[in-house]
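A short write-up of the structure that comes next.
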Amino acid sequence: MTWLLVLSLAGAAYLFKVTGLVIVGGRSLPAVVERCLALVPAALISALIVKDTVSVGDELVLDARLPGVLAAVLAARLRAPLIAVIVLGAAVTAAARAAGLD
Amino acid sequence: MPTPPDDRQVIAASVTLGAAVGVFAIAFGVGSVSAGASVAQTCVMSLLVFTGASQFLAVSVVSSGGSALSAFGGAVLLAARNAVYGLTMSRHLSGALPTRLVAAQITIDESTAMATAQPTPQQRRRAFWITGASVYVFWNIGTLIGALAGSAVDPEMFGLDAAFPAGFVAMVMPHLETARGRAAAATGALLCLVTVPILPIGLPILVASAGVLFGVRRP
């Protein structure tokens with residue numbers, strides 16, 4: 001992590017917020033652009049789940065994270081609160097690791 | 001002047017939401033420090049960037065060894081939705097320019113969602129400020145606690161490496177309620193899985209954004 005990355009991110013994030021709220025104001029974007037932007041979190045967050053669950057660097061690896069994340073999926077489907085989902089995911093992974101799973 | 005009952009409801013909901021966000025922020029602080037960021041960088045990120053998913057993405061890509069450029073690219077793609085929230089809120093927040101410049105910083109998922117759930121323009125405005133302020137305070141306190149704790153504990157022993165993806169699972173759920181969202185999510189996940197072994201680290205997340213194109217073609 002570098003300061004350049006931290007500060008560029010801060011600038012970019014604020015620019016988006018200001019663009020919508022102050023610069024563009026009451027006007028609206030083309031419908032197709034709004035539809036695409038609305039789908040970005042679904043695509044990117046799912047990809048992050050895959051990457052953080054079954055990969056290390058550029059290798060696919062199955063380890064104790066998988067049972068933890070599966071438990072989190074189950075908890076989230078049962079509409080458990082955010083805190084419970086995170087704590088359960090971490091606890092199951094810690095338990096699986098303590099039980100000898102890599 | 002007594003607090004109107006509607007405000008009390010919003011305040012209670014914002015504080016509950018803030019507390020949940022605070023726990024998530026602790027996970028962020030721990031993860032960020034374990035990924036090699038300093039405590040100061042971690043805290044400045046939460047103070048200035050202040051859009052959770054982008055922060056998590058940047059730290060996650062950097063910790064896997066991805067380049068700063070791919071971390072930046074992915075985080076920016078995720079932050080773009082804040083522009084849409086800004087557009088939504090611009091219809092309700094019509095204060096002086098300095099006020100709106102401050103409002104911009106707290107224009108995020110939670111404040112927009114809470115505001116747009118209110119029935120009257122005045123309640124929307126108040127809900128926006130109360131929720132935004134609550135989340136900002138909790139997010140930054142949580143980040144500091146996590147960053148300080150992260151330097152002291154072994155993240156793997158507590159399964160904290162699973163805290164990121166578990167948090168992402170909870171974050172993605174509301175996006176899976178529509179067929180479009182599910183198509184975008186499934187394609188994004190699959191593209192990432194297939195490209196992790198063959199592309200430079202960090203790029204699979206950017207490639208996954210093509211999932212949007214599969215989602216948007218759905219009726």
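Labeling convention for the structure tokens: chains A, B, ... as they appear, residues from 1 per chain, ligands from 1 in order of appearance.
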
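Residues in contact with Leu44 (chain A) at up to 8 Å, not including ones fewer than 5 positions away on its chain and judged by only C-alpha atoms, are Gly74, Leu78, Ala185, Gly188, Ala189, Ile205, Leu206, Ala208 and Ser209 of chain B.
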
Assign secondary structure with DSSP using the backbone only, and return the residues of region 61-127 of chain B in helix (DSSP H, G or I) as a tab-separated table (two decimals) with C-alpha atoms, in the first residue's frame.
```tsv
chain	number	residue	atom	x	y	z
B	61	VAL	CA	-5.95	-6.62	-4.41
B	62	VAL	CA	-2.79	-5.16	-2.86
B	63	SER	CA	-2.58	-7.96	-0.26
B	68	ALA	CA	-1.50	-0.38	-7.47
B	69	LEU	CA	-3.07	0.35	-10.86
B	70	SER	CA	-5.38	-2.67	-10.79
B	71	ALA	CA	-6.27	-1.91	-7.15
B	72	PHE	CA	-7.09	1.66	-8.18
B	73	GLY	CA	-9.06	0.58	-11.27
B	74	GLY	CA	-11.26	-1.87	-9.38
B	75	ALA	CA	-11.85	0.52	-6.48
B	76	VAL	CA	-12.83	3.32	-8.87
B	77	LEU	CA	-15.32	1.08	-10.68
B	78	LEU	CA	-16.97	0.32	-7.35
B	79	ALA	CA	-16.92	3.97	-6.25
B	81	ARG	CA	-22.06	4.14	-7.94
B	82	ASN	CA	-21.66	6.97	-5.43
B	83	ALA	CA	-22.22	9.35	-8.36
B	84	VAL	CA	-25.65	7.78	-8.83
B	85	TYR	CA	-26.39	8.18	-5.11
B	86	GLY	CA	-25.33	11.81	-5.43
B	87	LEU	CA	-27.77	12.27	-8.30
B	88	THR	CA	-30.55	10.72	-6.24
B	89	MET	CA	-29.79	12.88	-3.21
B	90	SER	CA	-29.30	16.10	-5.21
B	97	LEU	CA	-22.46	24.98	-1.75
B	98	PRO	CA	-20.21	24.37	1.32
B	99	THR	CA	-22.99	22.30	2.91
B	100	ARG	CA	-23.34	20.22	-0.25
B	101	LEU	CA	-19.56	19.75	-0.47
B	102	VAL	CA	-19.66	18.24	3.04
B	103	ALA	CA	-22.77	16.21	2.17
B	104	ALA	CA	-20.87	14.75	-0.81
B	105	GLN	CA	-18.38	13.01	1.49
B	109	ASP	CA	-24.88	3.25	0.33
B	110	GLU	CA	-26.22	3.58	3.88
B	111	SER	CA	-27.11	7.30	3.97
B	112	THR	CA	-28.81	7.15	0.56
B	113	ALA	CA	-30.73	3.98	1.42
B	114	MET	CA	-31.95	5.37	4.76
B	115	ALA	CA	-32.88	8.75	3.24
B	116	THR	CA	-34.80	7.36	0.28
B	121	PRO	CA	-38.49	15.60	1.88
B	122	GLN	CA	-37.63	17.02	5.32
B	123	GLN	CA	-37.32	13.53	6.84
B	124	ARG	CA	-35.21	12.41	3.89
B	125	ARG	CA	-32.81	15.28	4.46
B	126	ARG	CA	-32.54	14.63	8.20
B	127	ALA	CA	-32.18	10.86	7.72
```

- Of the candidates A:Ala90, A:Ala84, A:Asp58, A:Gly100, which shows the shortest atom-to-atom distance to Pro200 (chain B), using only C-alpha atoms? A:Asp58

- Message: Env of Val196 (chain B): 10 Å cut, atoms = only C-alpha atoms, seq-sep filter 3 positions within chain, self excluded. Answer as a PyMOL selection string.
- Response: (chain A and resi 50-51+54-60) or (chain B and resi 191-193+199-205)

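Separating CA of Ser34 (chain B) from CA of Val137 (chain B) is a distance of 22.9 Å.
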
- Would you work out the distance separating CA of Ala166 (chain B) from CA of Val61 (chain A), expressed in Å to one decimal? 17.1 Å

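Closest approach to chain B among A:Leu78, A:Ala99, A:Ala72, A:Ile23: A:Ala72, based on only C-alpha atoms.
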
- Item | Which of chain A fall in strand (DSSP E), as JSON, numbers by chain | {"A": [55, 56, 59, 60]}

- Task: Please identify every residue of chain A that has at least one atom no more than 7 Å from any atom of chain B, counting only C-alpha atoms, and report them as number ranges by chain.
- Result: A: 1, 3, 5-6, 9-10, 12-14, 16-22, 25-26, 28, 35-53, 56-60, 65, 68-69, 72-73, 76, 82-83, 85-86, 89-91, 93-94

Write out the residues from the selection above, keeping C-alpha atoms, as an mmCIF file, in the first residue's frame.
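Below is the file that was written, result_9.cif:
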```cif
data_model
loop_
_atom_site.group_PDB
_atom_site.id
_atom_site.type_symbol
_atom_site.label_atom_id
_atom_site.label_comp_id
_atom_site.auth_asym_id
_atom_site.auth_seq_id
_atom_site.Cartn_x
_atom_site.Cartn_y
_atom_site.Cartn_z
ATOM 1 C CA MET A 1 0.000 0.000 0.000
ATOM 2 C CA TRP A 3 0.366 6.927 -0.007
ATOM 3 C CA LEU A 5 -2.717 4.926 -3.955
ATOM 4 C CA VAL A 6 -4.449 6.074 -0.755
ATOM 5 C CA LEU A 9 -8.425 6.769 -4.204
ATOM 6 C CA ALA A 10 -9.555 9.540 -1.881
ATOM 7 C CA ALA A 12 -11.398 9.671 -7.158
ATOM 8 C CA ALA A 13 -14.013 8.670 -4.579
ATOM 9 C CA TYR A 14 -14.755 12.295 -3.672
ATOM 10 C CA PHE A 16 -17.668 10.728 -7.982
ATOM 11 C CA LYS A 17 -19.647 11.859 -4.950
ATOM 12 C CA VAL A 18 -19.326 15.550 -5.863
ATOM 13 C CA THR A 19 -20.120 14.873 -9.527
ATOM 14 C CA GLY A 20 -23.459 13.326 -8.668
ATOM 15 C CA LEU A 21 -24.458 15.651 -5.866
ATOM 16 C CA VAL A 22 -23.091 19.041 -6.860
ATOM 17 C CA GLY A 25 -27.229 18.031 -9.833
ATOM 18 C CA GLY A 26 -30.862 17.468 -10.780
ATOM 19 C CA SER A 28 -30.041 12.349 -14.846
ATOM 20 C CA ARG A 35 -28.499 0.325 -15.098
ATOM 21 C CA CYS A 36 -24.865 -0.674 -15.682
ATOM 22 C CA LEU A 37 -23.610 1.209 -12.619
ATOM 23 C CA ALA A 38 -26.276 -0.466 -10.495
ATOM 24 C CA LEU A 39 -24.893 -3.893 -11.509
ATOM 25 C CA VAL A 40 -21.217 -3.128 -10.829
ATOM 26 C CA PRO A 41 -21.337 -4.125 -7.132
ATOM 27 C CA ALA A 42 -22.952 -7.503 -7.956
ATOM 28 C CA ALA A 43 -20.219 -8.398 -10.487
ATOM 29 C CA LEU A 44 -17.219 -7.049 -8.574
ATOM 30 C CA ILE A 45 -18.153 -8.149 -5.073
ATOM 31 C CA SER A 46 -18.883 -11.703 -6.301
ATOM 32 C CA ALA A 47 -15.477 -11.766 -7.954
ATOM 33 C CA LEU A 48 -13.885 -10.584 -4.699
ATOM 34 C CA ILE A 49 -15.609 -13.396 -2.793
ATOM 35 C CA VAL A 50 -14.148 -15.953 -5.225
ATOM 36 C CA LYS A 51 -10.678 -14.417 -5.112
ATOM 37 C CA ASP A 52 -10.536 -14.104 -1.322
ATOM 38 C CA THR A 53 -11.961 -17.590 -0.729
ATOM 39 C CA VAL A 56 -3.619 -17.109 -2.976
ATOM 40 C CA GLY A 57 -1.795 -14.818 -5.404
ATOM 41 C CA ASP A 58 -2.337 -16.329 -8.857
ATOM 42 C CA GLU A 59 -3.025 -19.887 -7.674
ATOM 43 C CA LEU A 60 -6.348 -21.519 -6.878
ATOM 44 C CA ARG A 65 -11.431 -20.222 4.280
ATOM 45 C CA GLY A 68 -15.971 -20.304 6.725
ATOM 46 C CA VAL A 69 -17.302 -18.519 3.649
ATOM 47 C CA ALA A 72 -21.304 -17.043 5.871
ATOM 48 C CA VAL A 73 -23.385 -17.690 2.732
ATOM 49 C CA ALA A 76 -26.605 -14.380 4.939
ATOM 50 C CA LEU A 82 -23.833 -8.284 8.934
ATOM 51 C CA ILE A 83 -21.952 -8.707 12.227
ATOM 52 C CA VAL A 85 -22.180 -13.196 9.068
ATOM 53 C CA ILE A 86 -18.625 -11.876 9.494
ATOM 54 C CA GLY A 89 -17.239 -16.813 8.738
ATOM 55 C CA ALA A 90 -14.114 -16.027 10.751
ATOM 56 C CA ALA A 91 -15.015 -18.455 13.578
ATOM 57 C CA THR A 93 -12.417 -20.768 9.415
ATOM 58 C CA ALA A 94 -10.502 -20.508 12.707
#
```

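Straight-line separation from CA of Thr16 (chain B) to CA of Asn140 (chain B): 15.6 Å.
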